[in-house]
file data.cif (mmCIF, C-alpha atoms)
data_run
loop_
_atom_site.label_atom_id
_atom_site.label_comp_id
_atom_site.auth_asym_id
_atom_site.auth_seq_id
_atom_site.Cartn_x
_atom_site.Cartn_y
_atom_site.Cartn_z
CA MET M 1 -72.02 -14.54 6.17
CA ILE M 2 -69.43 -17.26 6.71
CA LYS M 3 -69.32 -17.98 2.96
CA LYS M 4 -68.81 -14.28 2.29
CA MET M 5 -65.91 -14.08 4.77
CA LEU M 6 -64.31 -17.21 3.30
CA SER M 7 -64.67 -15.71 -0.18
CA ILE M 8 -62.94 -12.50 0.94
CA PHE M 9 -60.17 -14.51 2.67
CA PHE M 10 -59.41 -16.64 -0.38
CA GLY M 11 -59.56 -13.55 -2.57
CA LEU M 12 -56.94 -11.82 -0.43
CA LEU M 13 -54.79 -14.95 -0.45
CA VAL M 14 -54.87 -15.14 -4.24
CA SER M 15 -54.14 -11.43 -4.44
CA LEU M 16 -51.11 -11.74 -2.15
CA ASN M 17 -49.80 -14.67 -4.14
CA GLY M 18 -50.13 -12.55 -7.25
CA ILE M 19 -48.09 -9.59 -5.99
CA SER M 20 -45.35 -11.38 -4.06
CA GLN M 21 -42.58 -13.76 -5.04
CA LYS M 22 -43.66 -17.39 -4.97
CA ALA M 23 -40.46 -18.82 -3.49
CA VAL M 24 -36.81 -18.06 -2.77
CA TYR M 25 -34.24 -20.86 -2.99
CA GLN M 26 -30.58 -20.73 -2.04
CA LEU M 27 -28.23 -22.22 -4.62
CA PRO M 28 -27.47 -24.99 -5.20
CA ILE M 29 -31.04 -26.24 -5.22
CA SER M 30 -32.25 -29.81 -5.16
CA SER M 31 -33.03 -31.54 -8.45
CA GLU M 32 -36.47 -32.25 -6.99
CA THR M 33 -37.28 -28.53 -6.87
CA THR M 34 -39.36 -27.42 -9.81
CA ILE M 35 -39.53 -23.79 -10.93
CA ASN M 36 -42.37 -23.23 -13.37
CA ASN M 37 -42.60 -19.46 -13.51
CA GLN M 38 -40.09 -16.87 -14.66
CA SER M 39 -37.26 -16.39 -12.17
CA PHE M 40 -34.25 -14.23 -11.47
CA PHE M 41 -31.04 -14.69 -9.51
CA TYR M 42 -29.46 -12.45 -6.94
CA THR M 43 -26.26 -12.57 -4.91
CA LEU M 44 -25.69 -10.92 -1.56
CA PRO M 45 -22.70 -8.58 -1.24
CA LYS M 46 -19.58 -9.08 0.80
CA THR M 47 -16.95 -6.56 1.83
CA ALA M 48 -13.46 -6.60 0.36
CA PHE M 49 -10.50 -4.32 0.98
CA LYS M 50 -8.14 -2.90 -1.60
CA VAL M 51 -4.80 -2.77 0.18
CA ASP M 52 -2.19 -0.24 -0.94
CA VAL M 53 1.19 -1.03 0.58
CA ILE M 54 4.18 1.30 0.34
CA VAL M 55 7.53 -0.35 1.06
CA THR M 56 10.67 1.76 1.31
CA LYS M 57 13.77 0.24 -0.27
CA MET M 58 16.95 1.65 1.25
CA ASN M 59 19.93 1.31 -1.10
CA HIS M 60 23.13 1.62 0.94
CA ILE M 61 25.93 2.63 -1.46
CA LYS M 62 29.58 2.28 -0.54
CA GLY M 63 31.66 5.45 -0.60
CA LEU M 64 34.31 5.91 -3.29
CA TYR M 65 37.04 6.12 -0.66
CA ALA M 66 35.53 3.79 1.95
CA ASP M 67 38.80 1.81 2.11
CA PHE M 68 40.52 4.92 3.54
CA ALA M 69 37.75 6.07 5.91
CA GLU M 70 39.28 4.63 9.05
CA LYS M 71 42.91 5.20 8.09
CA MET M 72 42.62 8.86 7.06
CA LEU M 73 39.63 10.12 9.07
CA GLY M 74 39.27 7.63 11.92
CA ILE M 75 35.70 6.80 10.86
CA THR M 76 34.58 3.30 11.80
CA ASN M 77 30.83 3.54 11.14
CA TYR M 78 30.69 3.51 7.35
CA CYS M 79 29.14 1.45 4.55
CA LYS M 80 31.58 -1.31 3.64
CA GLU M 81 29.53 -3.02 0.89
CA ASN M 82 26.65 -2.09 -1.42
CA GLU M 83 23.45 -3.55 -0.01
CA SER M 84 19.70 -2.99 0.17
CA SER M 85 17.15 -3.25 2.97
CA TYR M 86 13.37 -2.87 3.11
CA LYS M 87 10.80 -1.64 5.62
CA LEU M 88 7.08 -0.99 5.60
CA LYS M 89 6.24 2.69 5.19
CA LYS M 90 2.44 2.78 4.93
CA ILE M 91 -0.70 0.67 4.51
CA VAL M 92 -3.97 2.15 3.22
CA LEU M 93 -7.29 0.22 3.25
CA THR M 94 -10.11 1.06 0.84
CA PRO M 95 -13.35 -0.93 1.34
CA PHE M 96 -15.61 -1.93 -1.56
CA THR M 97 -18.22 -4.61 -2.19
CA VAL M 98 -18.26 -7.66 -4.44
CA PRO M 99 -20.78 -10.48 -4.94
CA ASP M 100 -20.54 -13.24 -2.36
CA GLU M 101 -20.41 -16.43 -4.45
CA SER M 102 -21.47 -18.52 -1.44
CA LEU M 103 -24.80 -16.67 -1.05
CA GLN M 104 -26.65 -16.91 -4.36
CA PHE M 105 -30.44 -17.24 -4.61
CA VAL M 106 -33.07 -17.88 -7.25
CA VAL M 107 -36.48 -16.19 -6.97
CA GLU M 108 -39.58 -17.63 -8.65
CA LEU M 109 -41.87 -14.75 -9.65
CA SER M 110 -45.59 -14.58 -9.23
CA SER M 111 -47.85 -14.10 -12.27
CA ASN M 112 -48.41 -10.45 -11.38
CA GLN M 113 -44.64 -9.80 -11.09
CA MET M 114 -44.06 -11.40 -14.48
CA LYS M 115 -46.82 -9.25 -15.95
CA ASN M 116 -45.20 -6.08 -14.56
CA ASN M 117 -41.69 -7.07 -15.78
CA LEU M 118 -40.27 -6.94 -12.25
CA PHE M 119 -36.99 -8.53 -13.30
CA LEU M 120 -36.28 -5.87 -15.91
CA SER M 121 -37.05 -3.17 -13.37
CA LEU M 122 -34.68 -4.69 -10.82
CA TYR M 123 -31.92 -5.19 -13.38
CA SER M 124 -32.08 -1.59 -14.64
CA LYS M 125 -31.76 -0.22 -11.08
CA ASN M 126 -29.06 -2.60 -9.92
CA THR M 127 -26.27 -0.04 -9.76
CA VAL M 128 -25.99 0.45 -6.00
CA PHE M 129 -22.74 -1.44 -5.45
CA ASP M 130 -19.61 -0.27 -7.19
CA TYR M 131 -16.72 -2.70 -7.04
CA HIS M 132 -14.48 -1.09 -9.65
CA LEU M 133 -10.93 -1.52 -8.38
CA SER M 134 -8.40 1.20 -9.07
CA SER M 135 -5.21 2.18 -7.32
CA LYS M 136 -4.02 5.74 -6.87
CA PRO M 137 -1.35 5.54 -4.17
CA GLU M 138 0.13 8.77 -2.94
CA GLN M 139 3.33 9.53 -4.79
CA SER M 140 6.61 9.85 -2.95
CA GLN M 141 9.73 11.54 -4.28
CA THR M 142 12.48 8.99 -4.81
CA ASP M 143 15.98 10.15 -3.94
CA ILE M 144 18.47 10.24 -6.80
CA LEU M 145 22.20 9.72 -6.59
CA PRO M 146 23.76 13.14 -5.89
CA ASP M 147 25.78 14.53 -8.80
CA PHE M 148 28.69 15.36 -6.49
CA PHE M 149 28.90 11.75 -5.28
CA LEU M 150 28.40 10.37 -8.79
CA ASN M 151 30.88 12.56 -10.67
CA TYR M 152 33.67 13.18 -8.17
CA ALA M 153 35.64 10.06 -9.14
CA ASN M 154 35.57 11.05 -12.82
CA ILE M 155 38.21 13.68 -12.06
CA VAL M 156 41.13 11.26 -11.97
CA LEU M 157 43.68 13.12 -14.11
CA GLN M 158 46.34 15.50 -12.90
CA GLN M 159 48.90 17.64 -14.66
CA THR M 160 52.57 17.84 -13.63
CA TYR M 161 54.98 20.41 -14.90
CA GLU M 162 58.74 19.98 -15.47
CA THR M 163 60.98 22.91 -16.45
CA TYR M 164 64.58 22.58 -17.63
CA THR M 165 67.06 24.27 -20.00
CA GLU M 166 68.21 22.95 -23.34
CA THR M 167 71.48 24.06 -24.95
CA LYS M 168 71.26 24.65 -28.67
CA ILE M 169 73.64 26.09 -31.31
CA ILE M 170 71.85 28.57 -33.49
CA ASP M 171 73.79 30.26 -36.28
CA GLY M 172 77.04 29.21 -34.65
CA ILE M 173 76.02 30.70 -31.32
CA VAL M 174 75.55 28.54 -28.25
CA THR M 175 72.15 29.36 -26.76
CA GLN M 176 70.29 28.05 -23.72
CA ILE M 177 66.55 27.77 -24.19
CA PRO M 178 64.13 27.15 -21.24
CA VAL M 179 61.77 24.27 -21.87
CA SER M 180 58.51 23.51 -19.96
CA LEU M 181 57.12 19.97 -20.19
CA THR M 182 53.56 19.13 -19.13
CA LYS M 183 52.60 15.56 -18.25
CA VAL M 184 49.10 14.21 -17.65
CA THR M 185 48.96 11.34 -15.20
CA SER M 186 46.17 9.46 -13.45
CA LYS M 187 45.57 9.96 -9.75
CA THR M 188 45.36 6.89 -7.61
CA TYR M 189 42.36 6.43 -5.33
CA GLU M 190 44.61 7.05 -2.35
CA GLN M 191 45.77 10.35 -3.84
CA GLN M 192 42.17 11.36 -4.49
CA ALA M 193 41.21 10.38 -0.97
CA ARG M 194 44.07 12.43 0.46
CA GLU M 195 42.96 15.49 -1.52
CA ALA M 196 39.41 15.04 -0.21
CA VAL M 197 40.73 14.80 3.37
CA ASP M 198 42.79 17.97 2.89
CA PHE M 199 39.72 19.78 1.66
CA ILE M 200 37.65 18.54 4.63
CA GLU M 201 40.30 19.90 6.99
CA LYS M 202 40.25 23.24 5.16
CA ILE M 203 36.45 23.40 5.48
CA ARG M 204 36.70 22.76 9.21
CA ASN M 205 39.37 25.44 9.63
CA ASP M 206 37.28 27.97 7.72
CA ARG M 207 34.21 27.17 9.80
CA TYR M 208 36.18 27.47 13.02
CA ALA M 209 37.44 30.87 11.88
CA ILE M 210 33.88 32.05 11.29
CA LEU M 211 32.51 30.64 14.55
CA SER M 212 35.38 32.05 16.62
CA PHE M 213 34.94 35.52 15.03
CA SER M 214 38.63 35.56 14.08
CA GLN M 215 37.91 37.20 10.71
CA GLU M 216 38.59 40.91 10.37
CA VAL M 217 35.29 41.81 8.68
CA THR M 218 32.06 41.81 10.70
CA ILE M 219 29.45 39.48 9.19
CA GLU M 220 25.71 40.04 9.43
CA LYS M 221 23.66 37.34 11.19
CA GLU M 222 21.96 36.11 7.98
CA ALA M 223 25.27 35.93 6.10
CA PHE M 224 26.88 34.23 9.10
CA GLU M 225 24.23 31.50 9.18
CA TYR M 226 24.35 31.07 5.42
CA LEU M 227 28.14 30.60 5.36
CA VAL M 228 28.08 28.09 8.22
CA ASN M 229 25.28 26.09 6.56
CA GLN M 230 27.10 26.04 3.24
CA LEU M 231 30.30 24.81 4.88
CA ASN M 232 28.34 22.12 6.78
CA GLU M 233 26.71 20.89 3.56
CA LEU M 234 30.03 20.91 1.70
CA GLU M 235 31.70 18.92 4.47
CA LYS M 236 28.81 16.43 4.44
CA GLN M 237 29.25 15.85 0.69
CA TYR M 238 32.97 15.16 1.06
CA LEU M 239 32.46 12.91 4.09
CA GLU M 240 29.94 10.85 2.11
CA LEU M 241 32.78 9.97 -0.27
CA PHE M 242 34.15 7.96 2.67
CA THR M 243 31.04 6.93 4.65
CA GLY M 244 28.75 6.18 1.67
CA ILE M 245 25.14 7.27 1.16
CA THR M 246 21.63 5.81 1.42
CA VAL M 247 19.23 6.28 -1.51
CA LEU M 248 15.53 5.78 -0.77
CA GLU M 249 13.05 4.26 -3.23
CA ASP M 250 9.32 3.75 -2.61
CA ILE M 251 7.80 0.53 -4.00
CA TYR M 252 3.99 0.33 -4.40
CA GLU M 253 2.02 -2.91 -4.12
CA THR M 254 -1.78 -3.26 -4.49
CA PHE M 255 -3.88 -6.36 -3.80
CA VAL M 256 -7.29 -7.39 -2.42
CA VAL M 257 -8.19 -9.21 0.81
CA TYR M 258 -11.52 -10.50 2.11
CA PRO M 259 -12.20 -10.36 5.89
CA ASP M 260 -13.47 -13.59 7.36
CA SER M 261 -15.62 -13.66 10.49
CA GLU M 262 -14.12 -17.04 11.40
CA SER M 263 -10.51 -15.80 11.39
CA ALA M 264 -9.16 -13.73 14.28
CA LEU M 265 -6.17 -12.54 12.23
CA LEU M 266 -6.04 -12.11 8.46
CA HIS M 267 -2.52 -12.23 6.99
CA ILE M 268 -2.02 -9.54 4.37
CA CYS M 269 1.71 -9.41 3.60
CA SER M 270 5.26 -9.80 4.82
CA VAL M 271 8.16 -7.36 4.56
CA ILE M 272 11.51 -9.12 4.96
CA PRO M 273 14.42 -6.68 5.53
CA ASP M 274 16.82 -8.27 3.04
CA VAL M 275 14.23 -9.56 0.53
CA GLY M 276 11.33 -7.09 0.41
CA PHE M 277 7.57 -7.44 -0.04
CA SER M 278 5.80 -10.80 -0.17
CA THR M 279 2.20 -12.05 0.15
CA SER M 280 3.46 -15.32 1.66
CA ILE M 281 3.70 -15.90 5.39
CA SER M 282 7.26 -15.61 6.69
CA LYS M 283 8.63 -18.08 9.22
CA THR M 284 9.77 -15.06 11.22
CA GLN M 285 6.62 -13.65 12.81
CA ALA M 286 8.15 -10.18 13.22
CA TYR M 287 8.12 -9.79 9.43
CA ASN M 288 4.40 -10.62 9.04
CA TYR M 289 1.53 -8.11 8.98
CA TYR M 290 -2.06 -9.05 9.86
CA LEU M 291 -5.49 -7.43 10.03
CA ARG M 292 -7.41 -7.98 13.24
CA CYS M 293 -11.19 -7.62 12.81
CA THR M 294 -13.18 -6.87 15.98
CA PRO M 295 -16.96 -6.32 15.58
CA GLN M 296 -18.35 -3.44 17.63
CA ALA M 297 -21.69 -5.21 17.93
CA LEU M 298 -20.96 -8.46 19.74
CA LEU M 299 -22.92 -11.16 17.93
CA THR M 300 -23.37 -14.21 20.12
CA LEU M 301 -25.82 -15.91 17.77
CA LYS M 302 -23.90 -17.38 14.86
CA THR M 303 -26.79 -19.55 13.71
CA ASP M 304 -27.79 -19.50 10.08
CA TYR M 305 -31.34 -18.14 10.03
CA LEU M 306 -32.21 -20.35 7.09
CA ARG M 307 -31.69 -23.50 9.15
CA THR M 308 -33.36 -22.03 12.25
CA ASN M 309 -36.48 -21.02 10.34
CA ALA M 310 -36.88 -24.51 8.93
CA GLN M 311 -37.17 -25.89 12.47
CA ASN M 312 -39.20 -23.12 14.07
CA PRO M 313 -42.95 -23.49 13.46
CA LYS M 314 -43.62 -19.95 14.67
CA ILE M 315 -41.82 -18.39 11.71
CA LYS M 316 -42.67 -20.87 9.00
CA ASN M 317 -44.02 -17.98 6.92
CA ASN M 318 -40.54 -16.43 6.66
CA THR M 319 -39.92 -17.74 3.16
CA GLY M 320 -39.14 -14.42 1.53
CA TYR M 321 -35.93 -12.76 0.46
CA ARG M 322 -32.64 -13.42 2.24
CA ILE M 323 -30.63 -10.31 3.09
CA ARG M 324 -27.58 -9.41 5.15
CA LYS M 325 -26.69 -6.09 6.77
CA THR M 326 -23.27 -4.68 7.62
CA ILE M 327 -22.06 -4.12 11.14
CA PRO M 328 -19.21 -1.78 12.20
CA VAL M 329 -15.89 -3.55 12.71
CA TYR M 330 -12.64 -2.30 14.21
CA ILE M 331 -9.72 -3.01 11.83
CA SER M 332 -6.23 -3.03 13.35
CA LEU M 333 -2.82 -3.67 11.80
CA VAL M 334 -0.86 -6.24 13.80
CA GLN M 335 2.86 -6.88 13.60
CA GLY M 336 4.42 -9.00 16.32
CA ASP M 337 3.37 -7.43 19.63
CA LYS M 338 2.50 -4.09 17.97
CA GLU M 339 -1.08 -3.17 17.05
CA GLU M 340 -2.31 -0.01 15.30
CA LEU M 341 -5.98 0.89 14.75
CA LEU M 342 -6.59 1.66 11.07
CA GLY M 343 -10.27 2.57 11.41
CA VAL M 344 -13.85 1.36 11.76
CA PHE M 345 -15.43 -0.14 8.62
CA PRO M 346 -18.91 -1.58 7.84
CA ILE M 347 -18.46 -5.24 6.85
CA TYR M 348 -21.14 -7.60 5.53
CA GLN M 349 -19.42 -10.85 6.49
CA PHE M 350 -19.86 -10.14 10.20
CA GLY M 351 -23.61 -9.58 9.92
CA LEU M 352 -26.19 -12.34 10.26
CA LEU M 353 -28.15 -13.70 7.34
CA GLU M 354 -31.81 -12.77 7.72
CA THR M 355 -34.84 -14.41 6.10
CA LEU M 356 -37.66 -11.94 5.54
CA PRO M 357 -41.37 -12.77 5.61
CA ALA M 358 -43.02 -13.41 2.29
CA ASN M 359 -45.56 -11.00 0.81
CA LEU M 360 -43.60 -7.82 1.60
CA ASP M 361 -45.16 -5.09 -0.51
CA GLY M 362 -42.75 -2.56 -1.96
CA PHE M 363 -39.57 -4.33 -0.85
CA ASP M 364 -36.76 -3.71 -3.38
CA ILE M 365 -34.26 -6.58 -3.28
CA GLY M 366 -32.11 -4.67 -5.77
CA GLU M 367 -31.06 -2.29 -2.97
CA TRP M 368 -29.64 -5.21 -0.99
CA SER M 369 -28.03 -7.41 -3.62
CA TYR M 370 -26.64 -7.89 -7.11
CA VAL M 371 -29.47 -8.94 -9.42
CA TYR M 372 -28.72 -11.12 -12.47
#
call {"tool": "encode", "arguments": {"input": "data.cif", "output": "structure tokens"}}
result
Amino acid sequence: MIKKMLSIFFGLLVSLNGISQKAVYQLPISSETTINNQSFFYTLPKTAFKVDVIVTKMNHIKGLYADFAEKMLGITNYCKENESSYKLKKIVLTPFTVPDESLQFVVELSSNQMKNNLFLSLYSKNTVFDYHLSSKPEQSQTDILPDFFLNYANIVLQQTYETYTETKIIDGIVTQIPVSLTKVTSKTYEQQAREAVDFIEKIRNDRYAILSFSQEVTIEKEAFEYLVNQLNELEKQYLELFTGITVLEDIYETFVVYPDSESALLHICSVIPDVGFSTSISKTQAYNYYLRCTPQALLTLKTDYLRTNAQNPKIKNNTGYRIRKTIPVYISLVQGDKEELLGVFPIYQFGLLETLPANLDGFDIGEWSYVY
């Protein structure tokens, strides 16, 4: 009876060794380790973020008649020089997975696994993780320089008329002939500015006449509002010849960052008002933007299970596959003393590495890793 039970026990042991992986080693492996059977490699995933940053460039353009703004209109708040400034408009995070080069393993197959071409089966199904990186940022309409502002200064010519009488003798008769002489001269910027000011004053007088109901004809409400709006817009265009305008331009930047469980803040970029976008850390903290990663599941045990298992006799049999699960993590955008929650994302790097028991029937490592 005892011999029969021992025979059954050793038969089961041989059977288990035939259907399960023989050993799993984390790379790099010691030169003393010998792998005799067919093997395959796998790498655990880690979470990366594609970061789409939209920075607004504000081009402040000096007005054509800025030099006369204060003198002719009493305006003191106007653009005195052409300059540009930048500010962050939007940040969008898109998570995806990539192989974690620090967690690579080699698996020595059993004879039964080699017979059943397990590696080929794993390789053909290894399409779970998609880390194709593409950027499709939302498009924003860029302002263009208004035609009125652009073309107004092109009208720099003026015509002057001079009329006088010439005395001529025709067929012995003294005759006076009127002569009209037209001259084309260039307007100075001051003359142009004065004409623009005169027109602004006329616009204001016309608007006052409409608002004070001093016109003889009654105007319907819709027509009244339309006329006032048109006069307001026309005045704005002429005032911009003195105050200047601001043209907006959206600049798109795309890059990749990798959250790190050991770092409280992950620097992603800097936006310097007079320089623009940069991936370098600015000396001025107010210009820097960081990601703060806060796990929802508080993990107090940061011990590598591989090292723990090697010292714990109760789980010596855990020599199977190594896997890692994601845990939900709060991601916030931090700038100076401001913090904005961007969302909750599942991240592999914050999960613990687990060593599974050997001889797990039906376990598909291809669903948990990249198989090579």
call {"tool": "residues_around", "arguments": {"input": "data.cif", "residues": "Phe105 (chain M)", "least_positions_apart": "6", "cutoff": "10 Å", "atoms": "only C-alpha atoms", "output": "list in words"}}
result
Val24, Tyr25, Gln26, Leu27, Pro28, Ile29, Phe40, Phe41, Tyr42, Thr43, Leu44, Tyr321, Arg322 and Val371 of chain M
call {"tool": "resolve_selection", "arguments": {"input": "data.cif", "expression": "the PyMOL selection byres ((chain M and resi 327) around 12)", "output": "PyMOL selection string"}}
result
chain M and resi 46-47+261+293-299+324-326+328-330+344-353
call {"tool": "residues_near_point", "arguments": {"input": "data.cif", "point": "(34.0, 6.8, -2.4)", "cutoff": "8 Å", "atoms": "all atoms listed in the file", "output": "count of residues only"}}
result
12
call {"tool": "atom_distance", "arguments": {"input": "data.cif", "atom1": "CA of Ala193 (chain M)", "atom2": "CA of Asn59 (chain M)"}}
result
23.1 Å
call {"tool": "residues_around", "arguments": {"input": "data.cif", "residues": "region 202-216 of chain M", "least_positions_apart": "6", "cutoff": "9 Å", "atoms": "only C-alpha atoms", "output": "list in words"}}
result
Phe224, Leu227, Val228, Leu231, Asn232, Leu234 and Glu235 of chain M
